[in-house]
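J.: This is the content of run05.tsv (TSV, C-alpha atoms):
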```tsv
chain	number	residue	atom	x	y	z
Q	12	MET	CA	74.61	71.81	128.57
Q	13	ARG	CA	74.60	75.29	130.10
Q	14	LEU	CA	77.77	74.45	132.00
Q	15	ARG	CA	79.57	73.65	128.74
Q	16	VAL	CA	78.40	76.88	127.13
Q	17	ALA	CA	79.52	78.85	130.19
Q	18	ALA	CA	82.91	77.10	130.16
Q	19	VAL	CA	83.43	77.80	126.45
Q	20	LEU	CA	82.38	81.42	126.93
Q	21	LEU	CA	84.78	81.76	129.85
Q	22	ILE	CA	87.66	80.34	127.81
Q	23	VAL	CA	86.93	82.63	124.85
Q	24	CYS	CA	86.76	85.70	127.10
Q	25	SER	CA	89.89	84.76	129.02
Q	26	VAL	CA	91.88	84.42	125.79
Q	27	ALA	CA	90.92	88.00	124.93
Q	28	LEU	CA	91.96	89.17	128.39
Q	29	VAL	CA	95.36	87.47	128.33
Q	30	SER	CA	97.17	90.16	126.41
Q	31	ALA	CA	100.11	89.70	124.14
Q	32	GLN	CA	103.45	91.07	125.19
Q	33	LYS	CA	103.41	94.07	122.84
Q	34	THR	CA	99.89	95.23	123.69
Q	35	ARG	CA	100.03	98.24	125.93
Q	36	PHE	CA	96.76	99.21	127.58
Q	37	GLY	CA	96.48	102.77	128.83
Q	38	GLN	CA	99.84	103.87	127.47
Q	39	ALA	CA	99.82	106.58	124.83
Q	40	LEU	CA	101.75	106.33	121.60
Q	41	PRO	CA	105.24	107.86	121.86
Q	42	LYS	CA	105.43	111.48	120.72
Q	43	ALA	CA	108.02	112.86	118.33
Q	44	LYS	CA	110.83	114.72	120.05
Q	45	THR	CA	111.27	118.37	119.23
Q	46	GLY	CA	114.22	119.13	116.99
Q	47	VAL	CA	114.34	115.61	115.50
Q	48	ASP	CA	114.32	115.64	111.70
Q	49	TYR	CA	112.28	113.13	109.65
Q	50	PRO	CA	113.92	113.41	106.19
Q	51	VAL	CA	112.74	110.15	104.59
Q	52	LYS	CA	109.51	110.19	102.59
Q	53	ILE	CA	107.39	107.02	102.70
Q	54	HIS	CA	104.14	106.49	100.78
Q	55	VAL	CA	101.82	103.96	102.46
Q	56	SER	CA	99.44	102.27	100.00
Q	57	GLY	CA	98.06	99.35	102.01
Q	58	ILE	CA	97.62	98.31	105.65
Q	59	HIS	CA	97.04	94.77	106.94
Q	60	LEU	CA	96.34	93.75	110.55
Q	61	ARG	CA	97.42	90.17	111.34
Q	62	ASP	CA	97.91	88.04	114.44
Q	63	ASP	CA	101.39	86.87	115.37
Q	64	CYS	CA	101.03	83.99	117.82
Q	65	GLU	CA	103.65	82.10	119.80
Q	66	LYS	CA	103.31	79.00	121.91
Q	67	SER	CA	105.23	79.06	125.19
Q	68	ALA	CA	107.05	76.12	126.75
Q	69	ALA	CA	104.13	75.73	129.16
Q	70	GLY	CA	101.76	75.35	126.20
Q	71	SER	CA	99.96	78.67	126.50
Q	72	LEU	CA	99.37	80.69	123.36
Q	73	THR	CA	100.08	84.43	123.25
Q	74	CYS	CA	99.19	86.60	120.28
Q	75	ASP	CA	100.21	90.10	119.18
Q	76	ASP	CA	98.32	92.31	116.76
Q	77	VAL	CA	100.84	93.15	114.08
Q	78	ILE	CA	100.43	95.74	111.36
Q	79	TYR	CA	101.95	95.08	107.94
Q	80	VAL	CA	102.15	98.07	105.61
Q	81	ASP	CA	102.72	98.15	101.84
Q	82	ALA	CA	104.87	101.21	101.21
Q	83	GLN	CA	107.14	102.89	98.71
Q	84	LEU	CA	110.49	103.99	100.08
Q	85	ALA	CA	113.23	105.57	97.93
Q	86	GLY	CA	111.72	104.11	94.76
Q	87	GLN	CA	111.41	100.58	96.20
Q	88	ARG	CA	108.20	98.86	97.20
Q	89	VAL	CA	108.69	97.52	100.71
Q	90	GLU	CA	106.70	95.82	103.45
Q	91	LEU	CA	106.91	97.39	106.91
Q	92	ARG	CA	105.98	95.56	110.10
Q	93	GLY	CA	105.13	97.10	113.44
Q	94	PHE	CA	102.99	96.44	116.47
Q	95	GLN	CA	99.50	97.77	117.06
Q	96	ILE	CA	99.22	99.76	120.26
Q	97	TRP	CA	95.80	99.63	121.89
Q	98	TYR	CA	95.08	102.85	123.72
Q	99	PRO	CA	91.47	103.30	124.91
Q	100	GLY	CA	89.78	106.12	123.03
Q	101	HIS	CA	92.66	106.54	120.56
Q	102	ALA	CA	92.59	104.91	117.14
Q	103	MET	CA	95.82	104.09	115.35
Q	104	PRO	CA	96.41	107.15	113.13
Q	105	LEU	CA	98.00	105.09	110.34
Q	106	VAL	CA	96.14	105.38	107.02
Q	107	ALA	CA	97.15	105.17	103.37
Q	108	ALA	CA	99.01	108.45	102.80
Q	109	ASP	CA	102.46	110.06	102.57
Q	110	TYR	CA	104.54	110.14	105.76
Q	111	GLN	CA	107.83	111.57	106.95
Q	112	ALA	CA	110.16	109.05	108.57
Q	113	ARG	CA	113.66	108.69	109.92
Q	114	LEU	CA	116.11	105.83	109.87
Q	115	VAL	CA	116.54	104.34	113.34
Q	116	LYS	CA	118.70	101.28	112.66
Q	117	ALA	CA	120.26	99.85	109.52
Q	118	PRO	CA	121.31	96.20	109.25
Q	119	LYS	CA	125.00	95.34	109.28
Q	120	PRO	CA	126.53	95.33	106.75
Q	121	ALA	CA	124.41	97.96	105.03
Q	122	GLY	CA	123.77	97.08	101.42
Q	123	PRO	CA	121.12	97.24	98.73
Q	124	ASN	CA	118.84	94.83	100.65
Q	125	PRO	CA	116.66	96.90	103.03
Q	126	ILE	CA	115.32	93.98	105.09
Q	127	GLY	CA	115.85	94.57	108.80
Q	128	THR	CA	116.06	98.35	108.51
Q	129	GLU	CA	114.05	100.13	111.23
Q	130	TYR	CA	112.18	103.40	110.68
Q	131	GLU	CA	110.08	105.73	112.80
Q	132	LEU	CA	107.07	107.01	110.88
Q	133	LEU	CA	105.76	110.39	111.97
Q	134	MET	CA	101.95	110.37	112.23
Q	135	PRO	CA	99.85	113.51	111.62
Q	136	ASP	CA	99.26	113.92	115.38
Q	137	ARG	CA	103.08	113.97	116.00
Q	138	THR	CA	103.12	110.42	117.41
Q	139	ILE	CA	105.59	107.90	116.02
Q	140	TRP	CA	105.18	104.33	114.84
Q	141	LEU	CA	108.29	102.13	114.95
Q	142	SER	CA	108.46	99.75	111.99
Q	143	THR	CA	110.87	97.29	110.42
Q	144	VAL	CA	111.30	96.45	106.73
Q	145	THR	CA	110.35	92.76	106.41
Q	146	GLY	CA	110.16	92.42	102.64
Q	147	PHE	CA	110.45	94.19	99.31
Q	148	SER	CA	109.57	93.71	95.67
Q	149	GLU	CA	110.34	95.29	92.30
```
If you took the structure in this file and wrote it as structure tokens, what would it be?
T.:
Amino acid sequence: MRLRVAAVLLIVCSVALVSAQKTRFGQALPKAKTGVDYPVKIHVSGIHLRDDCEKSAAGSLTCDDVIYVDAQLAGQRVELRGFQIWYPGHAMPLVAADYQARLVKAPKPAGPNPIGTEYELLMPDRTIWLSTVTGFSE
């Protein structure tokens, strides 16, 4: 019986240790470059942390912590998606508030549908969070 409990405990702990591809231990969030303008205003009203799991060809399961944000951008309500970066001793500085952002990449052809557009949100500590528009509503 104790052997089974130890085996289950080992499996549970090993799953937590096998990191997802976007988790970066010990690497600080990227800082904003001096002289770069962030002209877009984004209001964040909700934040959701979800798992995004993929099964490899070998059958192993890898999961990423993904942040989904409810935001208002240029009068449209949009959903932004970005990855959580785990940095020991540093919490993610994203909270419900107003942020400055800049357009990084627009989908081709650019049109009224913002899905696929990438933005860098400037955090209060001058770090940036790369996000992609994954949905919108009226």
J.: As lines of an AutoDock Vina configuration file, what would the box around segment 113-120 of chain Q look like: edges along x, y and z, 6 Å added on every side, centre and edge lengths in Å to one decimal?
T.:
```
center_x = 120.1
center_y = 102.0
center_z = 110.0
size_x = 24.9
size_y = 25.4
size_z = 18.6
```
J.: Please measure the separation of atom CA of Thr138 of chain Q and atom CA of Ala82 of chain Q, giving the value in Å to one decimal.
T.: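 For atom CA of Thr138 of chain Q relative to atom CA of Ala82 of chain Q, the distance reads 18.7 Å.
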J.: At a cut-off of 8 Å, using only C-alpha atoms, what residues contact Leu91 of chain Q? Leave out same-chain residues fewer than 4 positions from it and give the result as a PyMOL selection string.
T.: chain Q and resi 79-82+142-146
J.: Of the candidates Q:Met103, Q:Val55, Q:Leu72, Q:Ala43, which shows the shortest atom-to-atom distance to Glu131 of chain Q, using all atoms listed in the file?
T.: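 Smallest separation from Glu131 of chain Q among the options: Q:Ala43.
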J.: Between Q:Ala69, Q:Ala107, Q:Ala85, Q:Val77, which is the closest to Leu141 of chain Q once you count all atoms listed in the file?
T.: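 Among the listed residues, the smallest separation from Leu141 of chain Q belongs to Q:Val77.
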J.: If I take atom CA of Tyr110 of chain Q and atom CA of His54 of chain Q, how far is one from the other in Å, to one decimal?
T.: 6.2 Å
J.: May I ask for the distance between atom CA of Asp62 of chain Q and atom CA of Pro104 of chain Q, given in Å to one decimal place?
T.: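 Atom CA of Asp62 of chain Q sits 19.2 Å away from atom CA of Pro104 of chain Q.
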J.: Counting only C-alpha atoms, which residue out of Q:Leu133, Q:Phe147, Q:Lys119, Q:Ala112 sits closest to Val51 of chain Q?
T.: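 Ranked by minimum distance to Val51 of chain Q, first place goes to Q:Ala112.
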J.: Counting all atoms listed in the file, which of Q:Gln111, Q:Gln87, Q:Ala68, Q:Arg137 gets nearest to Pro123 of chain Q?
T.: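 Distance minimum relative to Pro123 of chain Q lands on Q:Gln87.
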J.: Using all atoms listed in the file for the distances, tell me which of Q:Glu65, Q:Asp136, Q:Asp48, Q:Asp76 is nearest to Leu105 of chain Q.
T.: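 Going through Q:Glu65, Q:Asp136, Q:Asp48, Q:Asp76 one by one, the smallest distance to Leu105 of chain Q is for Q:Asp136.
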J.: Which of these, Q:Asp109, Q:Gly70, Q:Glu129, Q:Glu90, has the shortest distance to Lys52 of chain Q once you count only C-alpha atoms?
T.: Q:Asp109
